[in-house]
$ cat input.txt   # compact mmCIF, N, CA, C and O atoms
# COMPACT_ATOMS: atom_id res chain seq x y z
N GLU A 1 33.56 -2.39 36.65
CA GLU A 1 33.27 -2.33 38.07
C GLU A 1 32.27 -1.22 38.41
O GLU A 1 31.37 -1.44 39.19
N ILE A 2 32.46 -0.05 37.84
CA ILE A 2 31.58 1.07 38.16
C ILE A 2 30.15 0.76 37.75
O ILE A 2 29.21 1.06 38.49
N LEU A 3 29.96 0.17 36.58
CA LEU A 3 28.61 -0.16 36.13
C LEU A 3 27.93 -1.14 37.06
O LEU A 3 26.75 -1.02 37.37
N TRP A 4 28.69 -2.14 37.53
CA TRP A 4 28.13 -3.12 38.46
C TRP A 4 27.68 -2.43 39.75
O TRP A 4 26.60 -2.68 40.26
N ILE A 5 28.49 -1.54 40.28
CA ILE A 5 28.16 -0.82 41.51
C ILE A 5 26.91 0.04 41.29
O ILE A 5 26.02 0.07 42.14
N LEU A 6 26.83 0.72 40.16
CA LEU A 6 25.66 1.54 39.88
C LEU A 6 24.39 0.69 39.79
O LEU A 6 23.33 1.10 40.27
N GLU A 7 24.48 -0.49 39.19
CA GLU A 7 23.33 -1.39 39.12
C GLU A 7 22.88 -1.81 40.51
O GLU A 7 21.69 -1.82 40.82
N VAL A 8 23.83 -2.16 41.35
CA VAL A 8 23.50 -2.57 42.73
C VAL A 8 22.87 -1.41 43.48
O VAL A 8 21.84 -1.58 44.15
N LEU A 9 23.45 -0.23 43.39
CA LEU A 9 22.92 0.92 44.12
C LEU A 9 21.55 1.33 43.61
O LEU A 9 20.69 1.74 44.38
N THR A 10 21.31 1.20 42.31
CA THR A 10 19.99 1.51 41.76
C THR A 10 18.95 0.55 42.33
O THR A 10 17.86 0.97 42.70
N ASP A 11 19.30 -0.72 42.43
CA ASP A 11 18.40 -1.71 43.02
C ASP A 11 18.08 -1.36 44.47
O ASP A 11 16.98 -1.61 44.96
N LEU A 12 19.03 -0.76 45.16
CA LEU A 12 18.86 -0.47 46.58
C LEU A 12 18.07 0.80 46.86
O LEU A 12 17.81 1.11 48.02
N THR A 13 17.67 1.52 45.84
CA THR A 13 16.86 2.72 46.09
C THR A 13 15.48 2.34 46.58
O THR A 13 14.78 3.16 47.16
N GLU A 14 15.09 1.09 46.38
CA GLU A 14 13.78 0.60 46.78
C GLU A 14 13.78 -0.08 48.15
O GLU A 14 12.72 -0.40 48.68
N ARG A 15 14.96 -0.34 48.69
CA ARG A 15 15.04 -1.07 49.97
C ARG A 15 16.34 -0.74 50.69
O ARG A 15 17.19 -0.06 50.14
N GLU A 16 16.46 -1.25 51.91
CA GLU A 16 17.67 -1.03 52.69
C GLU A 16 18.76 -2.00 52.23
O GLU A 16 18.47 -3.06 51.69
N ILE A 17 20.01 -1.65 52.49
CA ILE A 17 21.14 -2.50 52.13
C ILE A 17 21.55 -3.31 53.36
O ILE A 17 21.53 -2.82 54.49
N THR A 18 21.92 -4.58 53.13
CA THR A 18 22.36 -5.42 54.24
C THR A 18 23.86 -5.30 54.43
O THR A 18 24.58 -4.84 53.53
N ARG A 19 24.32 -5.74 55.57
CA ARG A 19 25.75 -5.74 55.85
C ARG A 19 26.50 -6.64 54.87
O ARG A 19 27.60 -6.34 54.44
N ALA A 20 25.88 -7.75 54.48
CA ALA A 20 26.50 -8.66 53.51
C ALA A 20 26.65 -7.98 52.15
O ALA A 20 27.68 -8.13 51.48
N GLU A 21 25.65 -7.23 51.74
CA GLU A 21 25.71 -6.53 50.45
C GLU A 21 26.78 -5.45 50.46
O GLU A 21 27.51 -5.28 49.47
N ILE A 22 26.90 -4.73 51.57
CA ILE A 22 27.97 -3.74 51.68
C ILE A 22 29.34 -4.43 51.60
O ILE A 22 30.23 -3.97 50.91
N ALA A 23 29.47 -5.56 52.30
CA ALA A 23 30.73 -6.30 52.28
C ALA A 23 31.08 -6.72 50.85
O ALA A 23 32.23 -6.63 50.44
N ARG A 24 30.08 -7.15 50.09
CA ARG A 24 30.34 -7.57 48.70
C ARG A 24 30.79 -6.38 47.84
O ARG A 24 31.73 -6.49 47.07
N ILE A 25 30.14 -5.25 47.99
CA ILE A 25 30.53 -4.06 47.23
C ILE A 25 31.95 -3.63 47.59
O ILE A 25 32.79 -3.41 46.70
N ILE A 26 32.22 -3.53 48.88
CA ILE A 26 33.53 -3.06 49.33
C ILE A 26 34.63 -4.04 48.93
O ILE A 26 35.70 -3.64 48.47
N SER A 27 34.38 -5.34 49.07
CA SER A 27 35.41 -6.31 48.70
C SER A 27 35.67 -6.29 47.20
O SER A 27 36.81 -6.43 46.76
N ARG A 28 34.65 -6.08 46.42
CA ARG A 28 34.83 -6.03 44.97
C ARG A 28 35.61 -4.79 44.55
O ARG A 28 36.47 -4.86 43.68
N VAL A 29 35.35 -3.67 45.21
CA VAL A 29 36.06 -2.43 44.88
C VAL A 29 37.51 -2.48 45.36
O VAL A 29 38.42 -2.03 44.66
N THR A 30 37.74 -3.03 46.54
CA THR A 30 39.09 -3.03 47.12
C THR A 30 39.89 -4.30 46.85
O THR A 30 41.08 -4.34 47.13
N GLY A 31 39.23 -5.34 46.36
CA GLY A 31 39.91 -6.61 46.16
C GLY A 31 40.12 -7.38 47.44
O GLY A 31 40.97 -8.27 47.53
N ALA A 32 39.34 -7.05 48.46
CA ALA A 32 39.47 -7.69 49.77
C ALA A 32 38.66 -8.99 49.81
O ALA A 32 37.48 -8.98 50.12
N TYR A 33 39.31 -10.08 49.45
CA TYR A 33 38.69 -11.40 49.52
C TYR A 33 39.56 -12.27 50.40
O TYR A 33 40.78 -12.13 50.43
N TYR A 34 38.96 -13.19 51.12
CA TYR A 34 39.71 -14.07 52.01
C TYR A 34 38.90 -15.35 52.17
O TYR A 34 37.68 -15.34 51.97
N ASP A 35 39.56 -16.42 52.53
CA ASP A 35 38.89 -17.72 52.61
C ASP A 35 38.09 -17.94 53.89
O ASP A 35 37.11 -18.65 53.90
N ASN A 36 38.54 -17.34 54.98
CA ASN A 36 37.94 -17.68 56.26
C ASN A 36 38.01 -16.50 57.23
O ASN A 36 38.92 -15.69 57.14
N ALA A 37 37.04 -16.42 58.10
CA ALA A 37 37.05 -15.43 59.18
C ALA A 37 36.67 -16.19 60.45
O ALA A 37 35.57 -16.06 60.97
N ALA A 38 37.59 -17.02 60.88
CA ALA A 38 37.33 -17.93 61.99
C ALA A 38 36.93 -17.22 63.28
O ALA A 38 36.28 -17.81 64.13
N ASP A 39 37.31 -15.94 63.42
CA ASP A 39 36.98 -15.21 64.63
C ASP A 39 35.49 -14.86 64.72
O ASP A 39 35.00 -14.53 65.79
N LEU A 40 34.78 -14.91 63.59
CA LEU A 40 33.35 -14.61 63.60
C LEU A 40 32.56 -15.84 64.03
O LEU A 40 32.65 -16.89 63.40
N ASN A 41 31.80 -15.68 65.08
CA ASN A 41 31.03 -16.81 65.62
C ASN A 41 29.94 -17.32 64.68
O ASN A 41 29.52 -18.46 64.79
N ASP A 42 29.49 -16.48 63.76
CA ASP A 42 28.41 -16.90 62.86
C ASP A 42 28.90 -17.14 61.42
O ASP A 42 28.10 -17.25 60.50
N PHE A 43 30.22 -17.29 61.23
CA PHE A 43 30.75 -17.45 59.87
C PHE A 43 30.16 -18.67 59.16
O PHE A 43 29.86 -18.61 57.97
N ALA A 44 29.98 -19.76 59.86
CA ALA A 44 29.44 -20.98 59.25
C ALA A 44 28.03 -20.78 58.70
O ALA A 44 27.63 -21.44 57.75
N SER A 45 27.27 -19.87 59.28
CA SER A 45 25.89 -19.66 58.85
C SER A 45 25.74 -18.58 57.77
O SER A 45 24.65 -18.34 57.27
N ILE A 46 26.84 -17.94 57.39
CA ILE A 46 26.81 -16.90 56.35
C ILE A 46 26.61 -17.57 55.00
O ILE A 46 27.27 -18.57 54.69
N PRO A 47 25.70 -17.04 54.16
CA PRO A 47 25.50 -17.62 52.83
C PRO A 47 26.81 -17.69 52.04
O PRO A 47 27.63 -16.76 52.09
N GLU A 48 27.00 -18.79 51.34
CA GLU A 48 28.25 -19.06 50.62
C GLU A 48 28.65 -17.91 49.69
O GLU A 48 29.83 -17.57 49.59
N GLU A 49 27.69 -17.29 49.03
CA GLU A 49 28.01 -16.22 48.06
C GLU A 49 28.66 -14.99 48.70
O GLU A 49 29.27 -14.18 48.02
N PHE A 50 28.52 -14.86 50.03
CA PHE A 50 29.07 -13.70 50.73
C PHE A 50 30.30 -14.01 51.57
O PHE A 50 30.96 -13.10 52.06
N LYS A 51 30.61 -15.28 51.77
CA LYS A 51 31.67 -15.66 52.71
C LYS A 51 33.03 -15.03 52.40
O LYS A 51 33.66 -14.45 53.28
N SER A 52 33.51 -15.13 51.17
CA SER A 52 34.85 -14.61 50.87
C SER A 52 34.88 -13.09 50.96
O SER A 52 35.89 -12.49 51.35
N CYS A 53 33.76 -12.44 50.64
CA CYS A 53 33.67 -10.98 50.73
C CYS A 53 33.70 -10.53 52.19
O CYS A 53 34.44 -9.61 52.56
N ILE A 54 32.87 -11.17 52.99
CA ILE A 54 32.80 -10.82 54.42
C ILE A 54 34.14 -11.11 55.09
O ILE A 54 34.65 -10.28 55.85
N ALA A 55 34.72 -12.27 54.79
CA ALA A 55 36.02 -12.61 55.38
C ALA A 55 37.08 -11.59 54.98
O ALA A 55 37.90 -11.18 55.80
N GLY A 56 37.03 -11.13 53.73
CA GLY A 56 38.01 -10.16 53.25
C GLY A 56 37.92 -8.82 53.95
O GLY A 56 38.93 -8.28 54.41
N VAL A 57 36.71 -8.27 54.03
CA VAL A 57 36.58 -6.96 54.69
C VAL A 57 36.80 -7.07 56.19
O VAL A 57 37.28 -6.14 56.82
N TYR A 58 36.48 -8.23 56.76
CA TYR A 58 36.71 -8.47 58.18
C TYR A 58 38.22 -8.55 58.46
O TYR A 58 38.72 -7.89 59.38
N GLU A 59 38.93 -9.33 57.68
CA GLU A 59 40.37 -9.51 57.89
C GLU A 59 41.14 -8.21 57.68
O GLU A 59 42.15 -7.97 58.31
N LYS A 60 40.68 -7.33 56.80
CA LYS A 60 41.33 -6.04 56.57
C LYS A 60 40.88 -4.98 57.57
O LYS A 60 41.37 -3.86 57.55
N GLY A 61 39.91 -5.31 58.43
CA GLY A 61 39.45 -4.37 59.43
C GLY A 61 38.50 -3.31 58.90
O GLY A 61 38.22 -2.33 59.58
N ILE A 62 37.99 -3.51 57.68
CA ILE A 62 37.07 -2.55 57.10
C ILE A 62 35.69 -2.67 57.74
O ILE A 62 35.02 -1.68 58.01
N MET A 63 35.29 -3.90 58.00
CA MET A 63 34.03 -4.17 58.72
C MET A 63 34.35 -5.13 59.85
O MET A 63 35.24 -5.97 59.71
N VAL A 64 33.64 -5.01 60.94
CA VAL A 64 33.90 -5.85 62.11
C VAL A 64 32.61 -6.52 62.57
O VAL A 64 31.52 -6.15 62.16
N GLY A 65 32.79 -7.47 63.46
CA GLY A 65 31.64 -8.12 64.06
C GLY A 65 31.13 -7.31 65.23
O GLY A 65 31.69 -6.28 65.61
N ASP A 66 30.04 -7.79 65.81
CA ASP A 66 29.44 -7.15 66.97
C ASP A 66 30.21 -7.55 68.23
O ASP A 66 31.14 -8.36 68.17
N ASN A 67 29.82 -7.03 69.37
CA ASN A 67 30.49 -7.36 70.63
C ASN A 67 30.43 -8.85 70.95
O ASN A 67 31.28 -9.36 71.67
N ASP A 68 29.42 -9.54 70.42
CA ASP A 68 29.30 -10.98 70.67
C ASP A 68 30.03 -11.82 69.62
O ASP A 68 29.89 -13.04 69.58
N GLY A 69 30.81 -11.18 68.76
CA GLY A 69 31.62 -11.89 67.79
C GLY A 69 30.87 -12.36 66.55
O GLY A 69 31.35 -13.22 65.84
N LYS A 70 29.71 -11.78 66.29
CA LYS A 70 28.92 -12.16 65.12
C LYS A 70 28.90 -11.01 64.12
O LYS A 70 28.92 -9.85 64.49
N PHE A 71 28.81 -11.36 62.84
CA PHE A 71 28.80 -10.37 61.77
C PHE A 71 27.39 -9.87 61.46
O PHE A 71 27.20 -8.74 61.06
N TYR A 72 26.40 -10.71 61.61
CA TYR A 72 25.00 -10.39 61.30
C TYR A 72 24.85 -9.88 59.86
O TYR A 72 24.45 -8.74 59.63
N PRO A 73 25.14 -10.73 58.88
CA PRO A 73 25.11 -10.29 57.48
C PRO A 73 23.73 -9.87 56.98
O PRO A 73 23.62 -9.05 56.07
N GLU A 74 22.67 -10.39 57.59
CA GLU A 74 21.32 -10.10 57.12
C GLU A 74 20.76 -8.79 57.67
O GLU A 74 19.75 -8.29 57.18
N ARG A 75 21.43 -8.22 58.63
CA ARG A 75 20.95 -6.95 59.21
C ARG A 75 21.14 -5.79 58.24
O ARG A 75 22.12 -5.73 57.51
N SER A 76 20.22 -4.87 58.30
CA SER A 76 20.36 -3.65 57.50
C SER A 76 21.46 -2.79 58.09
O SER A 76 21.62 -2.72 59.31
N ALA A 77 22.22 -2.16 57.22
CA ALA A 77 23.28 -1.27 57.67
C ALA A 77 22.71 0.13 57.89
O ALA A 77 21.88 0.59 57.12
N THR A 78 23.17 0.77 58.93
CA THR A 78 22.74 2.14 59.20
C THR A 78 23.63 3.11 58.42
O THR A 78 24.71 2.74 57.94
N ARG A 79 23.19 4.34 58.31
CA ARG A 79 24.02 5.35 57.63
C ARG A 79 25.32 5.58 58.40
O ARG A 79 26.37 5.77 57.80
N ALA A 80 25.23 5.58 59.70
CA ALA A 80 26.43 5.77 60.52
C ALA A 80 27.43 4.64 60.27
O ALA A 80 28.64 4.87 60.13
N GLU A 81 26.93 3.41 60.20
CA GLU A 81 27.78 2.26 59.93
C GLU A 81 28.43 2.39 58.54
O GLU A 81 29.63 2.15 58.39
N ALA A 82 27.65 2.77 57.56
CA ALA A 82 28.17 2.95 56.20
C ALA A 82 29.26 4.02 56.16
O ALA A 82 30.27 3.87 55.48
N ALA A 83 29.06 5.12 56.91
CA ALA A 83 30.06 6.19 56.96
C ALA A 83 31.37 5.69 57.55
O ALA A 83 32.45 6.01 57.03
N VAL A 84 31.29 4.90 58.60
CA VAL A 84 32.50 4.36 59.22
C VAL A 84 33.22 3.42 58.24
O VAL A 84 34.44 3.48 58.09
N ILE A 85 32.45 2.57 57.58
CA ILE A 85 33.02 1.63 56.61
C ILE A 85 33.74 2.39 55.50
O ILE A 85 34.88 2.09 55.15
N LEU A 86 33.09 3.39 54.94
CA LEU A 86 33.68 4.17 53.85
C LEU A 86 34.94 4.90 54.29
O LEU A 86 35.88 5.08 53.52
N SER A 87 34.98 5.33 55.55
CA SER A 87 36.16 6.04 56.05
C SER A 87 37.38 5.10 56.17
O SER A 87 38.51 5.58 56.24
N LYS A 88 37.14 3.80 56.16
CA LYS A 88 38.23 2.83 56.32
C LYS A 88 38.82 2.35 55.00
O LYS A 88 39.78 1.60 54.99
N ILE A 89 38.23 2.76 53.88
CA ILE A 89 38.78 2.29 52.59
C ILE A 89 39.55 3.38 51.88
O ILE A 89 39.53 4.50 52.22

$ encode --input "input.txt" --output "C-alpha cells"
Amino acid sequence: EILWILEVLTDLTEREITRAEIARIISRVTGAYYDNAADLNDFASIPEEFKSCIAGVYEKGIMVGDNDGKFYPERSATRAEAAVILSKI
C-alpha cells in the first residue's frame, strides 16, 4: 500500500490532485468502499473507476458533496480541503 501511495504522490508533483484521486487514495488506505452514494446528485456521471471509492469516503463522512449535492470529482482539491479530509481519517 505505501509503495502505491508514493507512486501516486510522485506523479502528482507535476500537477494538481483531483477530488476523485484523493477519494481513491483515502478509500484504499482506510478500506472505505461502498456501492452507491445516492445522495450525490452527480453520482451517475462519476467515472466507474472512482465510484466505489467516492461512495465509500462519502458514506463515512470523510469527504462530502458541495451545497448543491454534487461531488465534483474532476475539480482540483485545495490544500485546505486536503487538510480537512486528513483530519477526518

$ closest_residue --input "input.txt" --among "A:Gly56, A:Gly65, A:Pro47, A:Pro73" --to "Ala32 (chain A)" --atoms "all atoms listed in the file"
A:Gly56

$ closest_residue --input "input.txt" --among "A:Ala83, A:Leu40, A:Ile17, A:Ala55" --to "Phe71 (chain A)" --atoms "all atoms listed in the file"
A:Leu40

$ closest_residue --input "input.txt" --among "A:Ala44, A:Ile54, A:Ala23, A:Val29" --to "Glu81 (chain A)" --atoms "only C-alpha atoms"
A:Ala23

$ residues_around --input "input.txt" --residues "Val57 (chain A)" --least-positions-apart "5" --cutoff "9 Å" --atoms "only C-alpha atoms" --output "list in words"
Ala23, Arg24, Ile26, Ser27, Thr30, Ala32, Tyr33, Tyr34, Ser52, Ile62, Met63 and Val64 of chain A

$ closest_residue --input "input.txt" --among "A:Glu74, A:Glu21, A:Glu16, A:Asp68" --to "Asn41 (chain A)" --atoms "only C-alpha atoms"
A:Asp68

$ closest_residue --input "input.txt" --among "A:Arg79, A:Gly69, A:Cys53, A:Val84" --to "Gly31 (chain A)" --atoms "only C-alpha atoms"
A:Cys53

$ select_by_dssp --input "input.txt" --residues "region 6-63 of chain A" --states "alpha helix (DSSP H)" --output "NGL selection string"
:A and (6-11 or 19-30 or 48-59)

$ closest_residue --input "input.txt" --among "A:Asn67, A:Leu86, A:Lys60, A:Phe43" --to "Ile25 (chain A)" --atoms "only C-alpha atoms"
A:Leu86

$ atom_distance --input "input.txt" --atom1 "CA of Asp66 (chain A)" --atom2 "atom C of Arg28 (chain A)"
23.4 Å

$ atom_distance --input "input.txt" --atom1 "atom C of Arg19 (chain A)" --atom2 "CA of Ile46 (chain A)"
10.4 Å

$ atom_distance --input "input.txt" --atom1 "CA of Thr18 (chain A)" --atom2 "CA of Phe50 (chain A)"
11.2 Å

$ axis_aligned_box --input "input.txt" --around "region 16-24 of chain A" --padding-each-side "8 Å" --output "JSON"
{"center_x": 24.3, "center_y": -4.8, "center_z": 51.5, "size_x": 31.8, "size_y": 23.6, "size_z": 24.8}
